[in-house]
$ cat work.cif   # mmCIF, C-alpha atoms
data_start
#
loop_
_atom_site.group_PDB
_atom_site.id
_atom_site.type_symbol
_atom_site.label_atom_id
_atom_site.label_comp_id
_atom_site.auth_asym_id
_atom_site.auth_seq_id
_atom_site.Cartn_x
_atom_site.Cartn_y
_atom_site.Cartn_z
ATOM 1 C CA MET A 18 -41.599 -78.419 52.627
ATOM 2 C CA LYS A 19 -44.364 -75.776 52.650
ATOM 3 C CA LYS A 20 -42.006 -73.362 54.372
ATOM 4 C CA PHE A 21 -39.392 -74.021 51.690
ATOM 5 C CA LEU A 22 -41.900 -73.387 48.847
ATOM 6 C CA THR A 23 -43.130 -70.221 50.507
ATOM 7 C CA ALA A 24 -39.579 -68.905 50.901
ATOM 8 C CA SER A 25 -38.754 -69.756 47.290
ATOM 9 C CA LEU A 26 -41.865 -68.031 45.943
ATOM 10 C CA LEU A 27 -41.063 -64.973 48.030
ATOM 11 C CA ALA A 28 -37.501 -64.855 46.667
ATOM 12 C CA ILE A 29 -38.741 -65.150 43.068
ATOM 13 C CA THR A 30 -41.293 -62.402 43.662
ATOM 14 C CA LEU A 31 -38.621 -60.113 45.102
ATOM 15 C CA LEU A 32 -36.291 -60.824 42.166
ATOM 16 C CA GLY A 33 -39.097 -60.009 39.747
ATOM 17 C CA LEU A 34 -39.802 -56.713 41.500
ATOM 18 C CA THR A 35 -36.086 -55.862 41.469
ATOM 19 C CA ALA A 36 -35.838 -56.609 37.760
ATOM 20 C CA CYS A 37 -38.834 -54.423 37.019
ATOM 21 C CA GLY A 38 -37.305 -51.686 39.110
ATOM 22 C CA ASN A 39 -34.008 -51.846 37.167
ATOM 23 C CA SER A 40 -35.844 -51.745 33.832
ATOM 24 C CA SER A 41 -37.713 -48.646 34.926
ATOM 25 C CA ASP A 42 -34.475 -47.018 36.064
ATOM 26 C CA ASN A 43 -32.827 -47.793 32.707
ATOM 27 C CA GLN A 44 -35.750 -46.345 30.793
ATOM 28 C CA THR A 45 -35.642 -43.208 32.922
ATOM 29 C CA SER A 46 -31.905 -42.880 32.358
ATOM 30 C CA GLN A 47 -32.287 -43.296 28.578
ATOM 31 C CA SER A 48 -35.115 -40.780 28.573
ATOM 32 C CA GLU A 49 -32.979 -38.288 30.459
ATOM 33 C CA GLN A 50 -30.150 -38.773 27.920
ATOM 34 C CA GLN A 51 -32.539 -38.193 25.032
ATOM 35 C CA ASP A 52 -33.918 -35.068 26.691
ATOM 36 C CA THR A 53 -30.443 -33.464 26.738
ATOM 37 C CA GLY A 54 -30.564 -33.113 22.943
ATOM 38 C CA SER A 55 -26.841 -33.883 22.755
ATOM 39 C CA THR A 56 -25.590 -35.015 19.334
ATOM 40 C CA THR A 57 -22.115 -36.086 18.253
ATOM 41 C CA ILE A 58 -20.808 -35.780 14.694
ATOM 42 C CA THR A 59 -17.404 -36.843 13.400
ATOM 43 C CA VAL A 60 -15.935 -34.968 10.458
ATOM 44 C CA GLY A 61 -12.875 -36.216 8.593
ATOM 45 C CA ALA A 62 -10.475 -33.611 7.256
ATOM 46 C CA THR A 63 -6.936 -32.959 6.129
ATOM 47 C CA SER A 64 -5.066 -31.014 8.785
ATOM 48 C CA VAL A 65 -4.358 -27.633 7.141
ATOM 49 C CA PRO A 66 -6.511 -25.643 6.757
ATOM 50 C CA HIS A 67 -9.590 -27.891 7.010
ATOM 51 C CA ALA A 68 -9.108 -29.329 10.507
ATOM 52 C CA GLU A 69 -7.955 -25.928 11.752
ATOM 53 C CA ILE A 70 -11.155 -24.298 10.486
ATOM 54 C CA LEU A 71 -13.328 -27.069 11.931
ATOM 55 C CA ASN A 72 -11.690 -26.721 15.340
ATOM 56 C CA GLU A 73 -12.695 -23.068 15.351
ATOM 57 C CA VAL A 74 -16.399 -23.991 15.457
ATOM 58 C CA VAL A 75 -16.218 -26.720 18.128
ATOM 59 C CA ASP A 76 -17.164 -24.428 21.023
ATOM 60 C CA ASN A 77 -20.024 -22.720 19.187
ATOM 61 C CA LEU A 78 -21.542 -26.083 18.252
ATOM 62 C CA ALA A 79 -21.167 -27.302 21.834
ATOM 63 C CA GLU A 80 -23.392 -24.419 22.931
ATOM 64 C CA GLU A 81 -26.037 -25.858 20.592
ATOM 65 C CA GLY A 82 -25.721 -29.329 22.129
ATOM 66 C CA ILE A 83 -23.581 -30.688 19.275
ATOM 67 C CA THR A 84 -20.251 -32.367 19.963
ATOM 68 C CA LEU A 85 -17.921 -32.063 16.965
ATOM 69 C CA ASN A 86 -15.110 -34.603 16.678
ATOM 70 C CA VAL A 87 -12.499 -33.606 14.115
ATOM 71 C CA LYS A 88 -10.659 -36.636 12.718
ATOM 72 C CA GLU A 89 -7.513 -35.734 10.812
ATOM 73 C CA PHE A 90 -6.316 -37.703 7.777
ATOM 74 C CA SER A 91 -2.888 -37.350 6.154
ATOM 75 C CA GLU A 92 -4.037 -38.950 2.878
ATOM 76 C CA TYR A 93 -7.112 -37.357 1.354
ATOM 77 C CA THR A 94 -7.777 -40.318 -0.959
ATOM 78 C CA VAL A 95 -9.238 -42.309 1.964
ATOM 79 C CA LEU A 96 -11.697 -39.639 3.119
ATOM 80 C CA ASN A 97 -14.519 -40.401 0.689
ATOM 81 C CA PRO A 98 -14.289 -44.188 1.236
ATOM 82 C CA SER A 99 -14.379 -43.538 5.002
ATOM 83 C CA LEU A 100 -17.544 -41.494 4.567
ATOM 84 C CA SER A 101 -19.152 -44.166 2.402
ATOM 85 C CA ALA A 102 -18.306 -46.772 5.061
ATOM 86 C CA ASP A 103 -19.962 -44.654 7.805
ATOM 87 C CA GLU A 104 -16.656 -44.319 9.658
ATOM 88 C CA ILE A 105 -17.267 -40.557 9.683
ATOM 89 C CA ASP A 106 -20.423 -38.450 9.335
ATOM 90 C CA ALA A 107 -19.014 -35.880 6.919
ATOM 91 C CA ASN A 108 -15.738 -34.839 5.337
ATOM 92 C CA PHE A 109 -14.108 -31.544 4.506
ATOM 93 C CA PHE A 110 -11.161 -31.597 2.106
ATOM 94 C CA GLN A 111 -12.308 -31.610 -1.536
ATOM 95 C CA HIS A 112 -13.696 -29.358 -4.230
ATOM 96 C CA THR A 113 -16.766 -30.040 -6.383
ATOM 97 C CA SER A 114 -14.805 -31.313 -9.370
ATOM 98 C CA TYR A 115 -13.020 -33.916 -7.222
ATOM 99 C CA LEU A 116 -16.322 -35.041 -5.677
ATOM 100 C CA ASN A 117 -18.056 -35.301 -9.062
ATOM 101 C CA ASN A 118 -15.213 -37.378 -10.453
ATOM 102 C CA TYR A 119 -15.260 -39.692 -7.413
ATOM 103 C CA VAL A 120 -19.032 -40.198 -7.619
ATOM 104 C CA GLU A 121 -18.819 -40.851 -11.354
ATOM 105 C CA GLU A 122 -16.090 -43.469 -10.892
ATOM 106 C CA THR A 123 -17.502 -45.268 -7.835
ATOM 107 C CA GLY A 124 -21.253 -44.719 -7.959
ATOM 108 C CA GLU A 125 -21.205 -43.738 -4.278
ATOM 109 C CA LYS A 126 -23.983 -41.354 -3.244
ATOM 110 C CA LEU A 127 -22.084 -38.467 -1.707
ATOM 111 C CA VAL A 128 -23.290 -34.867 -1.960
ATOM 112 C CA SER A 129 -22.090 -31.362 -1.187
ATOM 113 C CA VAL A 130 -23.658 -29.418 1.653
ATOM 114 C CA GLY A 131 -22.072 -26.244 0.293
ATOM 115 C CA PRO A 132 -18.787 -24.368 -0.333
ATOM 116 C CA VAL A 133 -16.616 -23.015 2.480
ATOM 117 C CA HIS A 134 -13.322 -21.758 1.065
ATOM 118 C CA THR A 135 -10.972 -21.818 -1.905
ATOM 119 C CA GLU A 136 -7.303 -22.780 -1.729
ATOM 120 C CA PRO A 137 -5.520 -21.303 -4.760
ATOM 121 C CA MET A 138 -3.126 -23.920 -6.194
ATOM 122 C CA GLY A 139 0.421 -22.685 -6.757
ATOM 123 C CA ILE A 140 3.662 -23.483 -8.563
ATOM 124 C CA TYR A 141 6.682 -23.822 -6.235
ATOM 125 C CA SER A 142 10.421 -24.322 -6.591
ATOM 126 C CA LYS A 143 13.460 -24.529 -4.340
ATOM 127 C CA THR A 144 15.842 -23.263 -7.018
ATOM 128 C CA ALA A 145 13.860 -20.971 -9.337
ATOM 129 C CA LYS A 146 12.254 -17.613 -8.670
ATOM 130 C CA SER A 147 10.404 -17.351 -11.969
ATOM 131 C CA LEU A 148 8.898 -19.511 -14.693
ATOM 132 C CA ASP A 149 11.400 -17.849 -17.040
ATOM 133 C CA GLU A 150 14.076 -20.001 -15.393
ATOM 134 C CA LEU A 151 12.580 -23.211 -16.814
ATOM 135 C CA ALA A 152 15.128 -24.865 -19.088
ATOM 136 C CA ASP A 153 14.615 -27.386 -21.864
ATOM 137 C CA GLY A 154 13.778 -30.811 -20.409
ATOM 138 C CA ASP A 155 13.166 -29.623 -16.833
ATOM 139 C CA LYS A 156 10.807 -31.653 -14.652
ATOM 140 C CA ILE A 157 7.564 -30.373 -13.118
ATOM 141 C CA ALA A 158 5.622 -32.562 -10.660
ATOM 142 C CA VAL A 159 1.816 -32.438 -10.511
ATOM 143 C CA PRO A 160 -0.857 -34.321 -8.492
ATOM 144 C CA ASN A 161 -1.723 -37.748 -9.878
ATOM 145 C CA ASP A 162 -5.466 -37.694 -9.098
ATOM 146 C CA ALA A 163 -7.673 -36.787 -12.030
ATOM 147 C CA THR A 164 -9.161 -33.480 -10.943
ATOM 148 C CA ASN A 165 -6.162 -31.934 -9.196
ATOM 149 C CA GLY A 166 -3.946 -33.147 -12.015
ATOM 150 C CA ALA A 167 -6.164 -31.347 -14.513
ATOM 151 C CA ARG A 168 -6.228 -28.272 -12.323
ATOM 152 C CA ALA A 169 -2.410 -28.241 -12.241
ATOM 153 C CA LEU A 170 -2.203 -28.562 -16.021
ATOM 154 C CA LEU A 171 -4.646 -25.672 -16.434
ATOM 155 C CA LEU A 172 -2.458 -23.539 -14.163
ATOM 156 C CA LEU A 173 0.622 -24.419 -16.205
ATOM 157 C CA GLU A 174 -1.279 -23.540 -19.387
ATOM 158 C CA SER A 175 -2.467 -20.192 -18.021
ATOM 159 C CA ASN A 176 1.172 -19.345 -17.306
ATOM 160 C CA GLY A 177 2.403 -20.275 -20.777
ATOM 161 C CA VAL A 178 4.316 -23.427 -19.861
ATOM 162 C CA ILE A 179 2.165 -25.759 -22.001
ATOM 163 C CA LYS A 180 -0.885 -25.606 -24.233
ATOM 164 C CA LEU A 181 -3.779 -28.071 -23.872
ATOM 165 C CA LYS A 182 -6.275 -29.288 -26.432
ATOM 166 C CA GLU A 183 -9.178 -26.923 -26.697
ATOM 167 C CA GLY A 184 -12.150 -27.618 -24.440
ATOM 168 C CA VAL A 185 -10.646 -30.309 -22.187
ATOM 169 C CA GLY A 186 -11.159 -28.171 -19.064
ATOM 170 C CA ASP A 187 -11.073 -30.018 -15.743
ATOM 171 C CA LYS A 188 -10.873 -33.349 -17.577
ATOM 172 C CA ALA A 189 -7.389 -32.558 -18.899
ATOM 173 C CA THR A 190 -4.642 -35.178 -18.669
ATOM 174 C CA ILE A 191 -0.995 -35.192 -19.727
ATOM 175 C CA PHE A 192 -2.175 -36.785 -22.979
ATOM 176 C CA ASP A 193 -4.060 -33.578 -23.777
ATOM 177 C CA ILE A 194 -0.879 -31.493 -23.919
ATOM 178 C CA GLU A 195 -0.819 -30.091 -27.437
ATOM 179 C CA GLU A 196 2.212 -27.817 -27.189
ATOM 180 C CA ASN A 197 5.232 -28.135 -24.898
ATOM 181 C CA PRO A 198 7.833 -25.691 -26.260
ATOM 182 C CA LYS A 199 10.449 -26.426 -23.585
ATOM 183 C CA ASN A 200 9.893 -30.193 -23.580
ATOM 184 C CA ILE A 201 8.988 -30.080 -19.911
ATOM 185 C CA GLU A 202 8.682 -33.538 -18.336
ATOM 186 C CA ILE A 203 5.427 -33.702 -16.375
ATOM 187 C CA ILE A 204 5.727 -36.145 -13.479
ATOM 188 C CA GLU A 205 2.547 -37.313 -11.741
ATOM 189 C CA MET A 206 2.685 -38.290 -8.069
ATOM 190 C CA ASP A 207 0.653 -38.382 -4.892
ATOM 191 C CA ALA A 208 -0.329 -34.840 -3.935
ATOM 192 C CA ALA A 209 0.929 -35.199 -0.354
ATOM 193 C CA ALA A 210 4.429 -36.066 -1.642
ATOM 194 C CA LEU A 211 4.789 -32.992 -3.876
ATOM 195 C CA PRO A 212 6.542 -30.684 -1.351
ATOM 196 C CA ARG A 213 9.190 -33.376 -0.741
ATOM 197 C CA ALA A 214 9.601 -33.849 -4.502
ATOM 198 C CA LEU A 215 10.987 -30.324 -4.833
ATOM 199 C CA ASP A 216 14.430 -31.762 -4.041
ATOM 200 C CA ASP A 217 14.266 -33.785 -7.263
ATOM 201 C CA VAL A 218 12.322 -31.621 -9.726
ATOM 202 C CA LYS A 219 12.624 -28.034 -10.945
ATOM 203 C CA MET A 220 9.082 -27.123 -9.914
ATOM 204 C CA ALA A 221 5.907 -28.659 -8.513
ATOM 205 C CA VAL A 222 2.254 -27.642 -8.636
ATOM 206 C CA ILE A 223 1.055 -28.047 -5.061
ATOM 207 C CA ASN A 224 -2.339 -27.838 -3.356
ATOM 208 C CA THR A 225 -2.360 -25.040 -0.795
ATOM 209 C CA ASN A 226 -3.096 -27.345 2.148
ATOM 210 C CA TYR A 227 0.074 -29.342 1.478
ATOM 211 C CA ALA A 228 2.061 -26.183 0.766
ATOM 212 C CA LEU A 229 1.011 -24.766 4.150
ATOM 213 C CA GLU A 230 1.887 -28.020 5.928
ATOM 214 C CA ALA A 231 5.338 -27.875 4.319
ATOM 215 C CA GLY A 232 5.906 -24.383 5.683
ATOM 216 C CA PHE A 233 5.359 -22.393 2.487
ATOM 217 C CA ASN A 234 3.552 -19.082 2.449
ATOM 218 C CA PRO A 235 1.594 -19.362 -0.822
ATOM 219 C CA MET A 236 1.259 -15.601 -1.265
ATOM 220 C CA GLU A 237 5.022 -15.117 -0.913
ATOM 221 C CA ASP A 238 6.607 -18.395 -2.009
ATOM 222 C CA ALA A 239 4.523 -19.460 -5.015
ATOM 223 C CA ILE A 240 6.038 -18.582 -8.389
ATOM 224 C CA ALA A 241 2.501 -18.489 -9.803
ATOM 225 C CA ILE A 242 -0.876 -19.023 -8.173
ATOM 226 C CA GLU A 243 -4.530 -19.356 -9.174
ATOM 227 C CA GLY A 244 -6.629 -16.225 -9.046
ATOM 228 C CA SER A 245 -9.341 -15.598 -6.473
ATOM 229 C CA ASP A 246 -11.919 -16.529 -9.114
ATOM 230 C CA SER A 247 -10.885 -20.195 -8.999
ATOM 231 C CA PRO A 248 -13.934 -22.477 -9.396
ATOM 232 C CA PHE A 249 -12.398 -25.087 -7.098
ATOM 233 C CA ALA A 250 -14.065 -24.175 -3.792
ATOM 234 C CA ASN A 251 -13.672 -26.695 -0.976
ATOM 235 C CA ILE A 252 -16.964 -28.163 0.216
ATOM 236 C CA LEU A 253 -18.507 -29.948 3.190
ATOM 237 C CA VAL A 254 -19.628 -33.410 2.014
ATOM 238 C CA VAL A 255 -22.042 -36.011 3.445
ATOM 239 C CA LYS A 256 -23.856 -39.130 2.296
ATOM 240 C CA GLU A 257 -26.926 -38.358 0.237
ATOM 241 C CA GLY A 258 -29.940 -37.860 2.503
ATOM 242 C CA ASN A 259 -27.896 -36.519 5.414
ATOM 243 C CA GLU A 260 -27.440 -33.011 4.047
ATOM 244 C CA THR A 261 -30.650 -31.794 5.697
ATOM 245 C CA LYS A 262 -29.908 -33.184 9.173
ATOM 246 C CA LEU A 263 -30.110 -30.443 11.776
ATOM 247 C CA GLU A 264 -26.601 -31.070 13.099
ATOM 248 C CA ILE A 265 -25.103 -30.950 9.587
ATOM 249 C CA GLN A 266 -26.933 -27.742 8.784
ATOM 250 C CA ALA A 267 -25.772 -26.282 12.103
ATOM 251 C CA LEU A 268 -22.175 -27.215 11.262
ATOM 252 C CA TYR A 269 -22.381 -25.625 7.809
ATOM 253 C CA LYS A 270 -23.934 -22.483 9.255
ATOM 254 C CA GLU A 271 -21.001 -22.129 11.647
ATOM 255 C CA LEU A 272 -18.453 -22.807 8.881
ATOM 256 C CA THR A 273 -19.928 -19.989 6.804
ATOM 257 C CA SER A 274 -20.375 -17.462 9.610
ATOM 258 C CA ASP A 275 -18.878 -13.968 9.724
ATOM 259 C CA GLU A 276 -16.659 -15.216 12.550
ATOM 260 C CA ILE A 277 -15.095 -17.915 10.354
ATOM 261 C CA LYS A 278 -14.813 -15.555 7.394
ATOM 262 C CA SER A 279 -12.733 -13.187 9.529
ATOM 263 C CA TYR A 280 -10.688 -16.101 10.892
ATOM 264 C CA ILE A 281 -9.816 -17.345 7.384
ATOM 265 C CA GLU A 282 -8.905 -13.884 6.103
ATOM 266 C CA GLU A 283 -6.735 -13.024 9.122
ATOM 267 C CA LYS A 284 -4.994 -16.376 9.571
ATOM 268 C CA TYR A 285 -4.217 -17.292 5.967
ATOM 269 C CA GLN A 286 -3.725 -13.843 4.434
ATOM 270 C CA GLY A 287 -5.023 -14.768 0.984
ATOM 271 C CA ALA A 288 -3.600 -18.303 0.868
ATOM 272 C CA VAL A 289 -7.105 -19.497 1.746
ATOM 273 C CA VAL A 290 -10.091 -17.455 0.566
ATOM 274 C CA PRO A 291 -13.686 -17.611 1.900
ATOM 275 C CA ALA A 292 -16.110 -18.913 -0.735
ATOM 276 C CA PHE A 293 -19.296 -17.579 0.874
#
$ encode --input "work.cif" --output "structure tokens"
Amino acid sequence: MKKFLTASLLAITLLGLTACGNSSDNQTSQSEQQDTGSTTITVGATSVPHAEILNEVVDNLAEEGITLNVKEFSEYTVLNPSLSADEIDANFFQHTSYLNNYVEETGEKLVSVGPVHTEPMGIYSKTAKSLDELADGDKIAVPNDATNGARALLLLESNGVIKLKEGVGDKATIFDIEENPKNIEIIEMDAAALPRALDDVKMAVINTNYALEAGFNPMEDAIAIEGSDSPFANILVVKEGNETKLEIQALYKELTSDEIKSYIEEKYQGAVVPAF
């Protein structure tokens, strides 16, 4: 019996020492991982040009110990909710007006880290080469979200297609159309569907990212396009309080580097314009 108790106590003691040893090993391993300084951030983006631009800075960030995962979304309306739900660490797809409208409507605390580029919105057609070809009662499709819809209406106004009530600015809706000399029918639809809608309407006002995805060259194919002074610069966005994180600041620094400026100018040839 004494021999049995002695053997049991010895086994328990050995197990205890083994457990302590494993705990120490785990702590050492965790410490070694922390010492590497490696950080991973996931940024949600629409594919063109946002994801393309982000992919250009992956290697540079890796040299700083930051792993950048670029998560592409086909529908930009889910990007802000995904950020609010902590499914991503940042997003890159929207301009300030869109963000302000989203925050005002939802109360979510999302903020801009800063501007990166501007995508001039354009008017496209498969059948017309000029706005002069608009006939009475023709249809023009525009984005159905508040800010891009207003932006499209402002572009139509600046090209003499319609006239809006004075002072409506980026809050304009189809109900603010004051003059419509050719009785143009304005059709609102999801922005991503606008290139496909060109089979059914005379013209469409399309965001540059969707125009590029559809194979258009905005500088050659757009009937009319916003000027380079457009106030709708696309921004990097995070949850409030995260804008000062070192990895987010490092990402923004890379996105606004001379290297990326040259990349944007050479790749997009004016269809996308640096905003820094």
$ resolve_selection --input "work.cif" --expression "the PyMOL selection byres ((chain A and resi 226) around 8)" --output "list of chain:residue names"
A:Thr63, A:Ser64, A:Val65, A:Pro66, A:Glu136, A:Asn224, A:Thr225, A:Tyr227, A:Ala228, A:Leu229, A:Glu230
$ write_last_selection --input "work.cif" --atoms "C-alpha atoms" --output "mmCIF file, in the coordinates of the input"
data_model
loop_
_atom_site.group_PDB
_atom_site.id
_atom_site.type_symbol
_atom_site.label_atom_id
_atom_site.label_comp_id
_atom_site.auth_asym_id
_atom_site.auth_seq_id
_atom_site.Cartn_x
_atom_site.Cartn_y
_atom_site.Cartn_z
ATOM 1 C CA THR A 63 -6.936 -32.959 6.129
ATOM 2 C CA SER A 64 -5.066 -31.014 8.785
ATOM 3 C CA VAL A 65 -4.358 -27.633 7.141
ATOM 4 C CA PRO A 66 -6.511 -25.643 6.757
ATOM 5 C CA GLU A 136 -7.303 -22.780 -1.729
ATOM 6 C CA ASN A 224 -2.339 -27.838 -3.356
ATOM 7 C CA THR A 225 -2.360 -25.040 -0.795
ATOM 8 C CA TYR A 227 0.074 -29.342 1.478
ATOM 9 C CA ALA A 228 2.061 -26.183 0.766
ATOM 10 C CA LEU A 229 1.011 -24.766 4.150
ATOM 11 C CA GLU A 230 1.887 -28.020 5.928
#
$ resolve_selection --input "work.cif" --expression "the PyMOL selection byres ((chain A and resi 180-192) around 10)" --output "PyMOL selection string"
chain A and resi 114-115+118+161-171+173-179+193-198+202-205
$ atom_distance --input "work.cif" --atom1 "CA of Ala79 in chain A" --atom2 "CA of Ser55 in chain A"
8.7 Å
$ closest_residue --input "work.cif" --among "A:Val159, A:Ile242, A:Val95, A:Val254" --to "Ala210 in chain A" --atoms "all atoms listed in the file"
A:Val159
$ closest_residue --input "work.cif" --among "A:Leu148, A:Ile83, A:Met206, A:Ile277" --to "Val133 in chain A" --atoms "only C-alpha atoms"
A:Ile277
$ closest_residue --input "work.cif" --among "A:Pro248, A:Gly131, A:Pro98, A:Pro160" --to "Thr261 in chain A" --atoms "all atoms listed in the file"
A:Gly131
$ residues_around --input "work.cif" --residues "Ala250 in chain A" --least-positions-apart "2" --cutoff "8 Å" --atoms "all atoms listed in the file" --output "list of chain:residue names"
A:Gln111, A:His112, A:Thr113, A:Pro132, A:Val133, A:His134, A:Thr135, A:Glu136, A:Ser247, A:Pro248, A:Ile252, A:Ala292
$ closest_residue --input "work.cif" --among "A:Ile157, A:Ala208, A:Leu272, A:Ile223" --to "Asn77 in chain A" --atoms "only C-alpha atoms"
A:Leu272
$ atom_distance --input "work.cif" --atom1 "CA of Ala231 in chain A" --atom2 "CA of Asp149 in chain A"
24.4 Å
$ residues_around --input "work.cif" --residues "Val74 in chain A" --least-positions-apart "5" --cutoff "10 Å" --atoms "all atoms listed in the file" --output "MDAnalysis selection string"
chainID A and resid 69 79 85 268:272 274 276:277
$ write_last_selection --input "work.cif" --atoms "C-alpha atoms" --output "tab-separated table (two decimals), in the frame of the given file"
chain	number	residue	atom	x	y	z
A	69	GLU	CA	-7.96	-25.93	11.75
A	79	ALA	CA	-21.17	-27.30	21.83
A	85	LEU	CA	-17.92	-32.06	16.96
A	268	LEU	CA	-22.18	-27.22	11.26
A	269	TYR	CA	-22.38	-25.62	7.81
A	270	LYS	CA	-23.93	-22.48	9.26
A	271	GLU	CA	-21.00	-22.13	11.65
A	272	LEU	CA	-18.45	-22.81	8.88
A	274	SER	CA	-20.38	-17.46	9.61
A	276	GLU	CA	-16.66	-15.22	12.55
A	277	ILE	CA	-15.10	-17.92	10.35
$ atom_distance --input "work.cif" --atom1 "CA of Glu260 in chain A" --atom2 "CA of Ala107 in chain A"
9.4 Å
$ residues_near_point --input "work.cif" --point "(11.9, -29.5, -12.7)" --cutoff "6 Å" --atoms "all atoms listed in the file" --output "PyMOL selection string"
chain A and resi 155-157+218-220
$ residues_around --input "work.cif" --residues "Phe90 in chain A" --least-positions-apart "6" --cutoff "10 Å" --atoms "only C-alpha atoms" --output "ChimeraX atom specification"
/A:61-64,68,96,110
$ resolve_selection --input "work.cif" --expression "the PyMOL selection byres ((chain A and resi 257) around 7)" --output "PyMOL selection string"
chain A and resi 126-128+255-256+258-260
$ closest_residue --input "work.cif" --among "A:Val289, A:Phe109, A:Ala221, A:Val130" --to "Leu151 in chain A" --atoms "all atoms listed in the file"
A:Ala221
$ decode --input "work.cif" --residues "range 86-106 of chain A" --atoms "C-alpha atoms" --output "PDB file, in the first residue's frame"
ATOM      1  CA  ASN A  86      -5.572  41.515 -46.467  1.00  0.00           C
ATOM      2  CA  VAL A  87      -7.638  43.070 -49.242  1.00  0.00           C
ATOM      3  CA  LYS A  88     -11.244  41.844 -49.178  1.00  0.00           C
ATOM      4  CA  GLU A  89     -13.162  42.656 -52.341  1.00  0.00           C
ATOM      5  CA  PHE A  90     -16.882  43.480 -52.332  1.00  0.00           C
ATOM      6  CA  SER A  91     -19.085  43.679 -55.433  1.00  0.00           C
ATOM      7  CA  GLU A  92     -21.777  45.727 -53.651  1.00  0.00           C
ATOM      8  CA  TYR A  93     -20.491  48.849 -51.944  1.00  0.00           C
ATOM      9  CA  THR A  94     -23.636  49.256 -49.821  1.00  0.00           C
ATOM     10  CA  VAL A  95     -22.445  46.479 -47.474  1.00  0.00           C
ATOM     11  CA  LEU A  96     -18.978  47.918 -46.827  1.00  0.00           C
ATOM     12  CA  ASN A  97     -19.906  50.371 -44.076  1.00  0.00           C
ATOM     13  CA  PRO A  98     -22.096  47.832 -42.219  1.00  0.00           C
ATOM     14  CA  SER A  99     -19.203  45.344 -42.438  1.00  0.00           C
ATOM     15  CA  LEU A 100     -16.885  47.911 -40.882  1.00  0.00           C
ATOM     16  CA  SER A 101     -19.367  48.699 -38.119  1.00  0.00           C
ATOM     17  CA  ALA A 102     -19.675  44.964 -37.386  1.00  0.00           C
ATOM     18  CA  ASP A 103     -15.861  44.606 -37.093  1.00  0.00           C
ATOM     19  CA  GLU A 104     -15.779  42.189 -40.031  1.00  0.00           C
ATOM     20  CA  ILE A 105     -13.081  44.415 -41.545  1.00  0.00           C
ATOM     21  CA  ASP A 106     -10.669  46.947 -40.029  1.00  0.00           C
TER      22      ASP A 106
END
